[in-house]
Amino acid sequence: MNSHVESTQKNIKTAFRTIVKNPQQGFTLIELVIVIVLLGILASVALPRFLDIAGDAHNASVSGTAGAMASAVNIAHAKWLANGQPVSVPPIAGIDFLNSGHANVGFNTQGWPDAANEGAEDLISTDVLGGGGNDSKICAQIMKNLLSSSSVTFGEGESCKENYCAVYKEPECIYIYEKNKSVIRSIIYSTSTGTISKKIP
């Protein structure tokens, strides 16, 4: 056993002498500084891109909804043309988009939706934008009816807790995105031209 201990000690001494004769060289200070600077540059370029992922998601949501709304408005216009161009003047004529048995979306003379109700009865004059009813509610109801199969929700008023809160500023229905109130995002529907536009940062 003694020889085994002596052999181990001899191996350790040999290894130590080798290390002392050939010491490993570390990184110089300049090399370390260069690496740190490069990491800093990479972080400054990449980090801001990843920080606004939530904002990008909200913008994508608004863009997708605007596209769906534009399609729905154009489909409604096509139905208006196919149904003989009914107009939202007394007596109120419209099209049933909710399969309720009642006309629940009405149109202006250009064929763009400008009236709506919940579908429990036919349209009346206060269901038309500018007809004396709650215009913001009518704006919300127009999109509710046109996008009835969508998961997007529309509301109006100060207590609105829906995805989009509608406001009417003639001749536009403005749908304000409510998921992130720190940044204003909105979709604008022009009832005079049928165009849908969006405002996102």
# chains A, B, ... in the order shown; residues from 1 in each chain; ligands from 1
$ closest_atom_pairs --of "range 6-85 of chain A" --to "range 145-157 of chain A" --cutoff "12 Å" --atoms "only C-alpha atoms" --output "CSV"
residue,atom,partner,partner_atom,distance
A:Ser61,CA,A:Val152,CA,9.9
A:Val62,CA,A:Val152,CA,10.3
A:Gly64,CA,A:Val152,CA,10.4
A:Thr65,CA,A:Val152,CA,7.6
A:Ala66,CA,A:Val152,CA,10.9
A:Gly67,CA,A:Leu147,CA,11.4
A:Ala68,CA,A:Leu147,CA,7.8
A:Met69,CA,A:Leu147,CA,7.3
A:Ala70,CA,A:Leu146,CA,10.2
A:Ser71,CA,A:Leu146,CA,9.5
A:Ala72,CA,A:Leu146,CA,5.8
A:Val73,CA,A:Leu146,CA,7.2
A:Asn74,CA,A:Leu146,CA,10.1
A:Ile75,CA,A:Leu146,CA,8.8
A:Ala76,CA,A:Leu146,CA,7.4
A:His77,CA,A:Leu146,CA,10.9
A:Lys79,CA,A:Leu146,CA,11.5
$ select_by_dssp --residues "range 9-167 of chain A" --states "strand (DSSP E or B)" --output "number ranges by chain"
A: 94-95, 105-107, 113-116, 128, 154-156, 164-167
$ write_last_selection --atoms "N, CA and C atoms" --output "compact mmCIF listing (two decimals), in the first residue's frame"
# COMPACT_ATOMS: atom_id res chain seq x y z
N GLY A 94 -84.63 46.84 -44.97
CA GLY A 94 -83.30 46.36 -44.67
C GLY A 94 -83.18 44.88 -44.95
N ILE A 95 -82.13 44.30 -44.44
CA ILE A 95 -81.84 42.89 -44.67
C ILE A 95 -81.65 42.20 -43.32
N VAL A 105 -80.47 45.18 -40.45
CA VAL A 105 -79.42 46.07 -40.96
C VAL A 105 -80.04 46.87 -42.10
N GLY A 106 -79.96 48.20 -41.98
CA GLY A 106 -80.49 49.08 -43.01
C GLY A 106 -79.36 49.78 -43.75
N PHE A 107 -79.68 50.38 -44.89
CA PHE A 107 -78.66 50.94 -45.78
C PHE A 107 -79.01 52.37 -46.18
N PRO A 113 -74.22 50.09 -44.91
CA PRO A 113 -75.01 49.95 -43.68
C PRO A 113 -74.99 51.23 -42.84
N ASP A 114 -76.18 51.69 -42.47
CA ASP A 114 -76.28 52.88 -41.62
C ASP A 114 -77.41 52.76 -40.60
N ALA A 115 -77.91 51.55 -40.43
CA ALA A 115 -78.99 51.33 -39.46
C ALA A 115 -78.90 49.90 -38.95
N ALA A 116 -79.30 49.72 -37.70
CA ALA A 116 -79.30 48.36 -37.14
C ALA A 116 -80.10 48.33 -35.85
N VAL A 128 -81.79 54.28 -37.32
CA VAL A 128 -80.94 54.82 -38.39
C VAL A 128 -80.00 55.85 -37.77
N PHE A 154 -68.62 44.20 -29.56
CA PHE A 154 -68.77 45.64 -29.73
C PHE A 154 -69.72 46.17 -28.67
N GLY A 155 -69.40 47.34 -28.14
CA GLY A 155 -70.25 47.99 -27.17
C GLY A 155 -70.21 49.49 -27.39
N GLU A 156 -70.81 50.23 -26.46
CA GLU A 156 -70.79 51.69 -26.55
C GLU A 156 -70.96 52.25 -25.16
N TYR A 164 -64.31 46.39 -28.57
CA TYR A 164 -64.35 47.68 -29.26
C TYR A 164 -65.53 48.49 -28.74
N CYS A 165 -65.29 49.76 -28.47
CA CYS A 165 -66.34 50.66 -28.02
C CYS A 165 -66.62 51.66 -29.14
N ALA A 166 -67.89 51.75 -29.52
CA ALA A 166 -68.28 52.56 -30.67
C ALA A 166 -68.62 53.99 -30.28
N VAL A 167 -68.24 54.90 -31.16
CA VAL A 167 -68.57 56.32 -31.04
C VAL A 167 -68.98 56.78 -32.44
$ closest_atom_pairs --of "range 139-170 of chain A" --to "range 177-195 of chain A" --cutoff "9 Å" --atoms "only C-alpha atoms" --output "Markdown table"
| residue | atom | partner | partner_atom | distance |
| --- | --- | --- | --- | --- |
| A:Cys139 | CA | A:Tyr189 | CA | 9.0 |
| A:Cys160 | CA | A:Glu178 | CA | 8.6 |
| A:Lys161 | CA | A:Glu178 | CA | 7.4 |
| A:Glu162 | CA | A:Glu178 | CA | 7.0 |
| A:Asn163 | CA | A:Glu178 | CA | 5.4 |
| A:Tyr164 | CA | A:Tyr177 | CA | 4.7 |
| A:Cys165 | CA | A:Tyr177 | CA | 6.7 |
| A:Glu170 | CA | A:Thr191 | CA | 8.4 |
$ write_last_selection --atoms "N, CA and C atoms" --output "compact mmCIF listing (two decimals), in the first residue's frame"
# COMPACT_ATOMS: atom_id res chain seq x y z
N CYS A 139 -74.01 52.23 -34.16
CA CYS A 139 -72.72 51.86 -34.75
C CYS A 139 -72.27 50.49 -34.23
N CYS A 160 -68.34 50.81 -21.32
CA CYS A 160 -68.09 49.75 -22.30
C CYS A 160 -66.92 48.87 -21.85
N LYS A 161 -67.15 47.58 -21.84
CA LYS A 161 -66.10 46.62 -21.49
C LYS A 161 -65.87 45.61 -22.61
N GLU A 162 -66.33 45.94 -23.79
CA GLU A 162 -66.20 45.04 -24.94
C GLU A 162 -64.84 45.23 -25.60
N ASN A 163 -64.56 44.41 -26.63
CA ASN A 163 -63.30 44.56 -27.36
C ASN A 163 -63.20 45.94 -28.01
N TYR A 164 -64.31 46.39 -28.57
CA TYR A 164 -64.35 47.68 -29.26
C TYR A 164 -65.53 48.49 -28.74
N CYS A 165 -65.29 49.76 -28.47
CA CYS A 165 -66.34 50.66 -28.02
C CYS A 165 -66.62 51.66 -29.14
N GLU A 170 -70.48 61.90 -37.21
CA GLU A 170 -71.00 61.87 -38.57
C GLU A 170 -69.93 62.23 -39.60
$ residues_around --residues "Glu121 in chain A" --least-positions-apart "2" --cutoff "7 Å" --atoms "only C-alpha atoms" --output "PyMOL selection string"
chain A and resi 102+119+123
$ closest_residue --among "A:Ser44, A:Ile124, A:Glu172, A:Gly101" --to "Ser136 in chain A" --atoms "only C-alpha atoms"
A:Glu172
$ atom_distance --atom1 "CA of Leu39 in chain A" --atom2 "CA of Ala57 in chain A"
27.8 Å
